[in-house]
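Raw contents of run22.txt, compact mmCIF, C-alpha atoms:
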# COMPACT_ATOMS: atom_id res chain seq x y z
CA MET F 4 134.28 126.20 116.96
CA GLN F 5 135.12 126.95 120.57
CA ALA F 6 133.58 130.10 121.99
CA GLY F 7 134.02 132.06 125.18
CA ILE F 8 132.09 134.97 126.65
CA ILE F 9 133.39 137.96 128.59
CA GLY F 10 130.80 139.83 130.66
CA LEU F 11 127.96 138.20 132.56
CA GLY F 12 125.64 141.07 133.34
CA ALA F 13 121.90 141.03 132.71
CA MET F 14 122.39 140.58 128.96
CA GLY F 15 125.52 138.42 129.00
CA LEU F 16 123.97 135.93 131.41
CA GLY F 17 121.10 135.07 129.08
CA MET F 18 123.39 134.98 126.05
CA ALA F 19 125.79 132.62 127.83
CA ARG F 20 123.00 130.23 128.81
CA ASN F 21 121.71 130.04 125.23
CA MET F 22 125.19 129.47 123.84
CA ALA F 23 125.75 126.72 126.40
CA GLN F 24 122.44 125.08 125.54
CA SER F 25 123.57 124.92 121.91
CA GLY F 26 126.86 123.30 122.95
CA ILE F 27 128.93 126.23 121.67
CA LEU F 28 130.14 127.89 124.88
CA THR F 29 133.34 126.38 126.31
CA GLN F 30 134.82 129.17 128.50
CA LEU F 31 133.58 132.20 130.43
CA TRP F 32 134.96 135.14 132.37
CA ASN F 33 133.45 137.95 134.41
CA ARG F 34 134.97 140.86 136.29
CA ALA F 35 133.20 139.70 139.46
CA PRO F 36 134.57 136.15 139.82
CA ASP F 37 131.79 134.94 142.12
CA LYS F 38 129.22 135.40 139.35
CA ALA F 39 131.46 133.55 136.90
CA GLN F 40 131.98 130.65 139.28
CA LYS F 41 128.27 130.37 139.97
CA LEU F 42 127.39 130.22 136.27
CA ALA F 43 130.29 127.86 135.59
CA ALA F 44 128.88 125.43 138.14
CA GLU F 45 125.38 125.74 136.65
CA LEU F 46 126.53 125.16 133.07
CA ASN F 47 129.44 122.81 133.82
CA ILE F 48 131.73 125.11 131.82
CA PRO F 49 135.12 126.36 133.08
CA ALA F 50 135.42 129.90 134.41
CA CYS F 51 138.76 131.36 133.36
CA SER F 52 140.97 133.14 135.85
CA SER F 53 141.80 135.90 133.37
CA ILE F 54 140.82 137.35 130.02
CA GLN F 55 144.21 136.34 128.67
CA GLN F 56 143.59 132.72 129.64
CA LEU F 57 140.22 132.70 127.91
CA ALA F 58 141.75 134.14 124.74
CA THR F 59 144.25 131.28 124.53
CA ARG F 60 141.54 128.62 124.85
CA VAL F 61 138.95 129.66 122.24
CA ASN F 62 138.82 130.98 118.69
CA ILE F 63 135.58 132.99 119.07
CA ILE F 64 135.21 135.56 121.84
CA ILE F 65 131.91 137.30 122.66
CA LEU F 66 132.11 140.58 124.56
CA CYS F 67 129.17 141.93 126.53
CA VAL F 68 130.38 144.83 128.66
CA SER F 69 129.09 148.31 129.42
CA ALA F 70 131.13 151.17 127.99
CA ASP F 71 133.78 152.23 125.47
CA ARG F 72 136.56 152.23 128.05
CA ASP F 73 135.59 148.74 129.23
CA VAL F 74 135.66 147.39 125.67
CA LEU F 75 139.13 148.79 124.97
CA GLU F 76 140.47 147.50 128.30
CA VAL F 77 139.17 144.02 127.47
CA ILE F 78 140.63 144.20 123.95
CA ASP F 79 144.04 145.11 125.40
CA ALA F 80 143.90 142.02 127.62
CA ILE F 81 142.71 139.80 124.76
CA LEU F 82 145.68 140.89 122.64
CA GLU F 83 148.04 139.18 125.07
CA GLY F 84 146.63 135.71 124.35
CA ILE F 85 144.59 135.74 121.17
CA LYS F 86 145.42 133.28 118.40
CA PRO F 87 145.69 134.32 114.74
CA GLY F 88 142.43 133.79 112.88
CA SER F 89 140.31 134.20 116.01
CA VAL F 90 137.17 136.33 115.92
CA VAL F 91 136.12 138.85 118.57
CA ILE F 92 132.42 139.78 118.49
CA ASP F 93 131.46 142.82 120.54
CA THR F 94 127.78 142.94 121.49
CA SER F 95 128.24 146.02 123.69
CA THR F 96 126.84 149.43 122.77
CA VAL F 97 129.76 151.79 122.16
CA SER F 98 130.80 154.38 119.60
CA SER F 99 131.68 153.58 115.99
CA GLU F 100 135.18 154.96 116.65
CA THR F 101 135.73 152.51 119.50
CA ALA F 102 134.71 149.66 117.19
CA LYS F 103 137.19 150.81 114.55
CA THR F 104 139.97 151.10 117.13
CA ALA F 105 139.30 147.59 118.41
CA ALA F 106 139.35 146.23 114.85
CA ARG F 107 142.71 147.88 114.12
CA LEU F 108 144.28 146.52 117.30
CA LEU F 109 143.10 142.98 116.61
CA ALA F 110 144.18 143.13 112.97
CA ASN F 111 147.74 143.63 114.21
CA LYS F 112 147.42 140.16 115.76
CA GLN F 113 145.88 138.67 112.58
CA ALA F 114 142.53 138.42 114.39
CA HIS F 115 139.10 139.57 113.24
CA PHE F 116 136.57 141.90 114.83
CA LEU F 117 132.82 142.34 114.40
CA ASP F 118 130.87 145.13 116.07
CA ALA F 119 127.57 143.41 116.73
CA PRO F 120 125.35 145.28 119.18
CA VAL F 121 121.98 143.78 119.98
CA SER F 122 118.42 144.88 120.68
CA GLY F 123 115.71 143.05 122.55
CA GLY F 124 116.52 143.68 126.18
CA VAL F 125 116.88 141.16 128.97
CA GLU F 126 113.89 139.22 127.66
CA GLY F 127 115.52 138.84 124.26
CA ALA F 128 118.79 137.71 125.79
CA LYS F 129 117.00 135.17 127.96
CA ASN F 130 114.82 133.82 125.15
CA GLY F 131 117.48 133.81 122.42
CA SER F 132 115.41 136.25 120.36
CA LEU F 133 117.79 139.20 120.09
CA ALA F 134 118.16 141.29 116.95
CA MET F 135 121.82 141.81 116.02
CA MET F 136 123.23 144.50 113.74
CA VAL F 137 126.72 143.63 112.52
CA GLY F 138 129.59 145.68 111.13
CA GLY F 139 132.73 144.12 109.69
CA ASP F 140 133.79 141.52 107.12
CA LYS F 141 130.72 139.65 105.85
CA THR F 142 132.78 136.49 105.25
CA VAL F 143 133.81 136.48 108.92
CA LEU F 144 130.18 136.96 109.94
CA GLU F 145 129.08 133.95 107.92
CA LYS F 146 131.81 131.89 109.56
CA VAL F 147 130.53 132.65 113.07
CA ARG F 148 126.81 132.85 112.24
CA PRO F 149 126.03 129.47 113.91
CA VAL F 150 127.38 130.88 117.18
CA LEU F 151 125.28 134.03 116.88
CA GLU F 152 122.15 132.11 115.93
CA SER F 153 122.23 130.43 119.33
CA MET F 154 121.24 133.77 120.90
CA CYS F 155 119.68 135.82 118.11
CA ALA F 156 116.51 135.55 116.03
CA ARG F 157 117.67 138.16 113.51
CA ILE F 158 121.22 138.86 112.33
CA ILE F 159 121.75 141.59 109.74
CA HIS F 160 125.06 142.58 108.16
CA MET F 161 125.08 146.40 108.04
CA GLY F 162 128.40 147.07 106.31
CA THR F 163 131.96 147.89 107.29
CA THR F 164 133.33 148.10 110.83
CA GLY F 165 131.42 150.66 112.88
CA SER F 166 128.17 150.34 110.95
CA GLY F 167 126.76 147.95 113.52
CA GLN F 168 127.25 150.57 116.22
CA GLY F 169 125.86 153.25 113.94
CA THR F 170 122.71 151.18 113.49
CA LYS F 171 122.44 150.60 117.24
CA ALA F 172 122.59 154.37 117.70
CA VAL F 173 119.56 154.63 115.41
CA ASN F 174 117.81 152.03 117.57
CA GLN F 175 118.58 153.88 120.80
CA ILE F 176 117.36 157.20 119.41
CA MET F 177 114.10 155.54 118.33
CA ALA F 178 113.77 153.91 121.76
CA ALA F 179 114.06 157.34 123.38
CA GLY F 180 111.27 158.72 121.20
CA ILE F 181 109.01 155.75 121.82
CA ASN F 182 109.63 156.00 125.57
CA GLN F 183 108.75 159.70 125.52
CA ALA F 184 105.58 159.11 123.49
CA VAL F 185 104.27 156.11 125.45
CA THR F 186 104.95 157.51 128.93
CA GLU F 187 103.46 160.90 128.03
CA ALA F 188 100.37 159.37 126.44
CA LEU F 189 99.70 157.03 129.37
CA ALA F 190 100.19 159.86 131.88
CA PHE F 191 97.60 161.79 129.86
CA ALA F 192 95.24 158.80 129.92
CA GLN F 193 95.69 158.56 133.68
CA ALA F 194 94.93 162.26 134.12
CA GLU F 195 91.78 161.78 132.02
CA GLY F 196 90.65 159.07 134.40
CA LEU F 197 90.59 156.41 131.67
CA PRO F 198 90.92 152.69 132.51
CA LEU F 199 94.61 152.24 131.71
CA GLU F 200 94.49 148.49 131.13
CA LYS F 201 91.78 148.94 128.51
CA VAL F 202 93.60 151.89 126.93
CA ILE F 203 96.72 149.77 126.52
CA GLU F 204 94.74 146.85 125.12
CA VAL F 205 92.93 148.84 122.44
CA VAL F 206 95.83 151.11 121.45
CA SER F 207 98.19 148.12 121.16
CA GLY F 208 95.99 146.72 118.40
CA GLY F 209 96.05 149.89 116.31
CA ALA F 210 98.47 152.10 114.43
CA ALA F 211 100.11 153.34 117.64
CA GLY F 212 100.83 149.85 118.94
CA ASN F 213 104.47 148.99 119.65
CA TRP F 214 106.72 146.60 121.58
CA PHE F 215 107.34 149.06 124.41
CA LEU F 216 103.64 149.66 125.02
CA ASN F 217 102.95 145.91 124.94
CA HIS F 218 105.78 144.99 127.32
CA ARG F 219 106.04 148.01 129.62
CA GLY F 220 102.63 149.69 129.49
CA LEU F 221 100.94 147.80 132.31
CA THR F 222 104.01 147.61 134.53
CA MET F 223 104.74 151.33 134.38
CA THR F 224 101.14 152.27 135.17
CA GLN F 225 101.37 149.93 138.18
CA GLN F 226 104.58 151.71 139.27
CA HIS F 227 106.72 148.63 138.65
CA PHE F 228 110.05 149.48 137.02
CA GLN F 229 112.12 146.30 137.22
CA PRO F 230 114.77 146.77 134.54
CA GLY F 231 114.61 145.17 131.18
CA PHE F 232 116.90 147.98 130.08
CA LYS F 233 118.39 150.18 132.79
CA LEU F 234 117.72 153.87 132.52
CA ALA F 235 121.35 154.72 133.33
CA LEU F 236 122.55 152.53 130.46
CA HIS F 237 120.20 154.18 127.97
CA HIS F 238 121.47 157.53 129.25
CA LYS F 239 125.00 156.36 128.46
CA ASP F 240 123.98 155.16 125.01
CA LEU F 241 122.19 158.40 124.15
CA ASN F 242 125.28 160.39 125.08
CA ILE F 243 127.19 158.24 122.57
CA CYS F 244 124.51 159.09 119.99
CA LEU F 245 124.88 162.81 120.73
CA SER F 246 128.64 162.59 120.37
CA MET F 247 128.26 160.83 117.02
CA ALA F 248 125.69 163.42 115.93
CA GLU F 249 128.11 166.26 116.58
CA LYS F 250 130.46 164.70 114.02
CA ASN F 251 127.86 164.21 111.29
CA SER F 252 125.89 167.42 112.02
CA ALA F 253 122.66 165.56 112.82
CA ALA F 254 120.12 167.26 115.09
CA LEU F 255 118.79 165.09 117.92
CA PRO F 256 116.48 167.31 120.01
CA LEU F 257 114.41 164.41 121.32
CA ALA F 258 117.50 162.48 122.39
CA ARG F 259 118.81 165.59 124.16
CA GLN F 260 115.53 166.00 126.00
CA THR F 261 115.58 162.34 127.03
CA VAL F 262 119.13 162.65 128.36
CA SER F 263 118.02 165.65 130.42
CA ASP F 264 114.98 163.77 131.74
CA TYR F 265 117.10 160.73 132.62
CA GLN F 266 119.55 162.95 134.49
CA LYS F 267 116.71 164.20 136.68
CA LEU F 268 115.63 160.64 137.42
CA MET F 269 119.19 159.52 138.12
CA ARG F 270 119.60 162.36 140.63
CA LEU F 271 116.45 161.07 142.33
CA GLY F 272 118.01 157.61 142.60
CA PHE F 273 116.15 155.85 139.77
CA GLY F 274 119.10 155.12 137.46
CA ASP F 275 118.91 151.35 138.01
CA GLU F 276 115.24 151.18 137.10
CA ASP F 277 113.83 150.38 133.67
CA ILE F 278 113.67 153.21 131.13
CA SER F 279 109.89 153.17 131.58
CA ALA F 280 110.56 154.99 134.87
CA LEU F 281 110.32 158.08 132.67
CA PHE F 282 106.61 157.71 133.51
CA ARG F 283 107.49 159.11 136.97
CA LEU F 284 108.40 162.47 135.44
CA LYS F 285 105.36 162.59 133.20
CA GLN F 286 103.15 162.11 136.25
CA ILE F 287 104.96 164.88 138.14
CA LYS F 288 104.30 167.26 135.26

Starting from the file, lay out its structure as structure tokens.
Amino acid sequence: MQAGIIGLGAMGLGMARNMAQSGILTQLWNRAPDKAQKLAAELNIPACSSIQQLATRVNIIILCVSADRDVLEVIDAILEGIKPGSVVIDTSTVSSETAKTAARLLANKQAHFLDAPVSGGVEGAKNGSLAMMVGGDKTVLEKVRPVLESMCARIIHMGTTGSGQGTKAVNQIMAAGINQAVTEALAFAQAEGLPLEKVIEVVSGGAAGNWFLNHRGLTMTQQHFQPGFKLALHHKDLNICLSMAEKNSAALPLARQTVSDYQKLMRLGFGDEDISALFRLKQIK
């Protein structure tokens, strides 16, 4: 199998390095060519001059871009060069409808599509420990599983096309709630004058312990918000969740509150910080 990757942002970079280490990655492309050329030199893997060129050279294409419009633009370019039987695996976070549209377009070229968003943040991408939730044909998934295992610790088939994105929406809604709970609780602890490092240590070992507290608790209380997951990207994802909720009549009051809180932080210039920057607002209150 020959695989290529499109999109070398914070997540795509780590995924590309792990694929290359496993000997699977053979081509790469990025919108900013300088970044692609730099990684190509590091990995000794060709950087393609266009998406169309990459599509002609591989039979597995990994997408890691930011938004629905970006995914569909990339799919349109892929269609010009993709070979029948090829598989496109989209690890971006977009709507279920976008995933279904991409699958229909590729099917017209006798190519396959898997919506396969991931969770685990920049650390997971770097360490090859991502969790992947996959929608699409299970037989196709099993065919490309060795490629995905080079960057993921957990790969779960969720059902038909779009179900991967639906599951990622669940993940992003939960992440919003956890962010709200942890930042609010630690702001309370700070106001109480408690030793925050000890609070985090003891709470992490009990029923309220969670990944976010373990990995972001100390940094947020020290006012360090280097992104593992950018606040502006979670804002984008939650808006996708709200749009999906309007169609299935689900109520998402916590997600709506988090979108509102993120908007305040983005207006203050904190959109490129980690989502734990929500702690800033809790302190203000």

| request: Determine, counting only C-alpha atoms, every residue of protein, DNA or RNA that lies within 10 Å of (134.9, 126.3, 135.7) in the file coordinates, then give the result as a ChimeraX atom specification. | output: /F:29-32,39-52

| Out of F:Leu199, F:Ile181, F:Leu117, F:Ala190, which residue has the shortest atom-to-atom distance to Gly167 (chain F) when counting only C-alpha atoms? | F:Leu117

| query | In Å, how far is it from CA of Ile85 (chain F) to CA of Ala58 (chain F)? | reply | 4.8 Å

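Nearest to Phe273 (chain F) of all the residues F:Lys38, F:Arg60, F:His227, F:Lys103 is F:His227, based on only C-alpha atoms.
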
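Once region 95-102 of chain F and its same-chain neighbours fewer than 3 positions away are set aside, Leu66, Cys67, Val68, Ser69, Ala70, Asp71, Val74, Leu75, Ala105, Ala106, Asp118, Ala119, Pro120, Val121, Thr164, Gly165, Ser166, Gly167, Gln168, Gly169, Lys171, Asp240, Ile243, Cys244 and Met247 of chain F remain within 8 Å of it when counting all atoms listed in the file.
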
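If you look at CA of Leu268 (chain F) and CA of Leu216 (chain F), they are 20.4 Å away from each other.
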
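Considering only C-alpha atoms, the residue among F:Leu197, F:Met154, F:Ile159, F:Ala6 positioned nearest to Arg20 (chain F) is F:Met154.
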
Edge lengths and centre in Å, axis-aligned, region 243-255 of chain F plus 6 Å each side, as JSON:
{"center_x": 124.6, "center_y": 162.8, "center_z": 116.9, "size_x": 23.7, "size_y": 21.2, "size_z": 23.3}

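For the pair CA of Leu281 (chain F) and CA of Ser132 (chain F), the separation is 25.6 Å.
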
| Selection: 9 Å around Gly84 (chain F), all atoms listed in the file, excl. self and same-chain fewer than 3 positions, as a VMD selection string | chain F and resid 54 to 60 80 to 81

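You can rank F:Ala253, F:Val147, F:Val125, F:Ala23 by their closest distance to Lys233 (chain F) using all atoms listed in the file, and at the top of that list sits F:Val125.
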
Using all atoms listed in the file, what residues lie at most 10 Å away from (114.9, 133.2, 129.3) (file coordinates), given as a tab-separated table (two decimals) with C-alpha atoms, in the frame of the given file?
chain	number	residue	atom	x	y	z
F	16	LEU	CA	123.97	135.93	131.41
F	17	GLY	CA	121.10	135.07	129.08
F	18	MET	CA	123.39	134.98	126.05
F	20	ARG	CA	123.00	130.23	128.81
F	21	ASN	CA	121.71	130.04	125.23
F	125	VAL	CA	116.88	141.16	128.97
F	126	GLU	CA	113.89	139.22	127.66
F	127	GLY	CA	115.52	138.84	124.26
F	128	ALA	CA	118.79	137.71	125.79
F	129	LYS	CA	117.00	135.17	127.96
F	130	ASN	CA	114.82	133.82	125.15
F	131	GLY	CA	117.48	133.81	122.42
F	132	SER	CA	115.41	136.25	120.36

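For the residues F:Asn251, F:Thr104, F:Gln225, F:Gln5, ranking by smallest atom-to-atom distance to Gln193 (chain F) using only C-alpha atoms places F:Gln225 first.
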
| said: List the spatial neighbours of Arg148 (chain F) as a PyMOL selection string - criterion: any atom at most 12 Å away, only C-alpha atoms, same-chain residues fewer than 4 positions off excluded. | reply: chain F and resi 4+27+63+90+92+117+119+135+137+141-144+152-160

| Polymer residues at most 12 Å from Trp214 (chain F), all atoms listed in the file, same-chain spacing of 6 or more positions, as a list in words | Ser122, Gly123, Gly124, Glu126, Ala178, Ile181, Asn182, Val185, Ile203, Val206, Ser207, Gly208 and Gly220 of chain F

With all atoms listed in the file as the counted atoms, please give the residues lying no more than 9 Å from Thr261 (chain F), apart from itself and same-chain residues fewer than 6 positions off, as a short mmCIF file (atom, residue, chain, number, x, y, z; two decimals) with C-alpha atoms, keeping the file's coordinate frame.
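Resulting contents of selection-v3.cif:
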data_model
loop_
_atom_site.label_atom_id
_atom_site.label_comp_id
_atom_site.auth_asym_id
_atom_site.auth_seq_id
_atom_site.Cartn_x
_atom_site.Cartn_y
_atom_site.Cartn_z
CA ALA F 179 114.06 157.34 123.38
CA GLY F 180 111.27 158.72 121.20
CA ASN F 182 109.63 156.00 125.57
CA GLN F 183 108.75 159.70 125.52
CA HIS F 238 121.47 157.53 129.25
CA LEU F 241 122.19 158.40 124.15
CA LEU F 281 110.32 158.08 132.67
#

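Shortest atom-to-atom contact with Gln266 (chain F) among F:Ile278, F:Ala192, F:Ala210, F:Ile8: F:Ile278, counting only C-alpha atoms.
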
Mind filling out region 40-54 of chain F with N, CA and C atoms and sending it as a PDB file, in the coordinates of the input?
ATOM      1  N   GLN F  40     131.908 131.980 138.680  1.00  0.00           N
ATOM      2  CA  GLN F  40     131.980 130.650 139.280  1.00  0.00           C
ATOM      3  C   GLN F  40     130.597 130.038 139.445  1.00  0.00           C
ATOM      4  N   LYS F  41     129.630 130.866 139.802  1.00  0.00           N
ATOM      5  CA  LYS F  41     128.270 130.370 139.970  1.00  0.00           C
ATOM      6  C   LYS F  41     127.702 129.873 138.650  1.00  0.00           C
ATOM      7  N   LEU F  42     127.887 130.645 137.575  1.00  0.00           N
ATOM      8  CA  LEU F  42     127.390 130.220 136.270  1.00  0.00           C
ATOM      9  C   LEU F  42     128.158 129.021 135.753  1.00  0.00           C
ATOM     10  N   ALA F  43     129.466 128.995 136.016  1.00  0.00           N
ATOM     11  CA  ALA F  43     130.290 127.860 135.590  1.00  0.00           C
ATOM     12  C   ALA F  43     129.779 126.559 136.200  1.00  0.00           C
ATOM     13  N   ALA F  44     129.409 126.615 137.474  1.00  0.00           N
ATOM     14  CA  ALA F  44     128.880 125.430 138.140  1.00  0.00           C
ATOM     15  C   ALA F  44     127.533 125.025 137.552  1.00  0.00           C
ATOM     16  N   GLU F  45     126.707 126.018 137.229  1.00  0.00           N
ATOM     17  CA  GLU F  45     125.380 125.740 136.650  1.00  0.00           C
ATOM     18  C   GLU F  45     125.499 125.097 135.275  1.00  0.00           C
ATOM     19  N   LEU F  46     126.422 125.601 134.455  1.00  0.00           N
ATOM     20  CA  LEU F  46     126.530 125.160 133.070  1.00  0.00           C
ATOM     21  C   LEU F  46     127.568 124.052 132.878  1.00  0.00           C
ATOM     22  N   ASN F  47     128.339 123.768 133.925  1.00  0.00           N
ATOM     23  CA  ASN F  47     129.440 122.810 133.820  1.00  0.00           C
ATOM     24  C   ASN F  47     130.428 123.226 132.733  1.00  0.00           C
ATOM     25  N   ILE F  48     130.783 124.506 132.773  1.00  0.00           N
ATOM     26  CA  ILE F  48     131.730 125.110 131.820  1.00  0.00           C
ATOM     27  C   ILE F  48     132.785 125.841 132.635  1.00  0.00           C
ATOM     28  N   PRO F  49     134.066 125.732 132.285  1.00  0.00           N
ATOM     29  CA  PRO F  49     135.120 126.360 133.080  1.00  0.00           C
ATOM     30  C   PRO F  49     135.018 127.887 133.106  1.00  0.00           C
ATOM     31  N   ALA F  50     135.268 128.455 134.275  1.00  0.00           N
ATOM     32  CA  ALA F  50     135.420 129.900 134.410  1.00  0.00           C
ATOM     33  C   ALA F  50     136.910 130.212 134.402  1.00  0.00           C
ATOM     34  N   CYS F  51     137.332 131.039 133.487  1.00  0.00           N
ATOM     35  CA  CYS F  51     138.760 131.360 133.360  1.00  0.00           C
ATOM     36  C   CYS F  51     139.186 132.332 134.456  1.00  0.00           C
ATOM     37  N   SER F  52     140.434 132.259 134.814  1.00  0.00           N
ATOM     38  CA  SER F  52     140.970 133.140 135.850  1.00  0.00           C
ATOM     39  C   SER F  52     141.330 134.514 135.304  1.00  0.00           C
ATOM     40  N   SER F  53     141.447 134.625 133.985  1.00  0.00           N
ATOM     41  CA  SER F  53     141.800 135.900 133.370  1.00  0.00           C
ATOM     42  C   SER F  53     141.282 135.962 131.943  1.00  0.00           C
ATOM     43  N   ILE F  54     141.196 137.166 131.416  1.00  0.00           N
ATOM     44  CA  ILE F  54     140.820 137.350 130.020  1.00  0.00           C
ATOM     45  C   ILE F  54     141.860 136.724 129.105  1.00  0.00           C
TER      46      ILE F  54
END
